[in-house]
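Engineer: Dropping the structure in here first, questions after.
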Amino acid sequence: MPKLKLGAAFYGLFAVGGVGAAVMILRGDSRFAGADQWYLIARATVFALIGVMFGIGAITRRGLMSDEGPRICREGWIVVIALVVAEFVVYAVGQEWGTFPSIVTALIPPWVKRMQEKYYEGRAEAERELNPEEPDGVRPPTA
């Protein structure tokens with residue numbers, strides 16, 4: 001099974017960003033100054049959960065749209081979309097504080113999966129170019 005390498009780095013970066021955003025919100029960052037306590041807790045919880053989901057994708061090195069592995073790795077993208085929707089709802093209820101939710105976050109798992117597929121397609125194509133097939137249709141063994 002191919003492992004996500006660069007994709008795991010992206011997932012790790014977004015995990016740190018999500019948890020970092022949650023901490024900044026709880027500390028009452030300038031954009032959230034004067035916000036009600038429920039709003040800070042709700043927004044920070046959603047950001048922390050998004051960070052945890054991306055952290056799971058980075059640690060398992062399978063991502064959140066894997067074809068195999070634990071259920072969280074196969075269907076984690078659904079949870080991320082649900083968390084982004086929850087973030088939007090919290091933002092809409094407490095509109096006077098904070099920033100617009102990052103809807104792009106929901107597109108990260110499909111983007112990383114596509115990046116991984118293109119990487120392995122490129123490797124297979126390079127392998128075919130380096131080891132052309134013999135006239136009888138059989139490839140020579142690779143060393």
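If you're wondering about the labels, chains in the structure tokens are A, B, ... by order shown, residues count from 1 in each chain, ligands from 1 in order shown.
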Could you pull the residues within 9 Å of Ala15 of chain A, counting only C-alpha atoms, minus those fewer than 2 positions along the same chain, as a PyMOL selection string?
Structural biologist: chain A and resi 10-13+17-20+48+50-58
Engineer: Compare A:Val104, A:Leu130, A:Leu40, A:Val84 by their minimum atom-to-atom distance to Ile25 of chain A, counting only C-alpha atoms, and give me the closest one.
Structural biologist: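 The answer is A:Leu40, which sits nearest to Ile25 of chain A.
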Engineer: Expressed in Å to a single decimal, how great is the separation between atom CA of Tyr39 of chain A and atom CA of Leu107 of chain A?
Structural biologist: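 Pair atom CA of Tyr39 of chain A / atom CA of Leu107 of chain A returns 24.9 Å.
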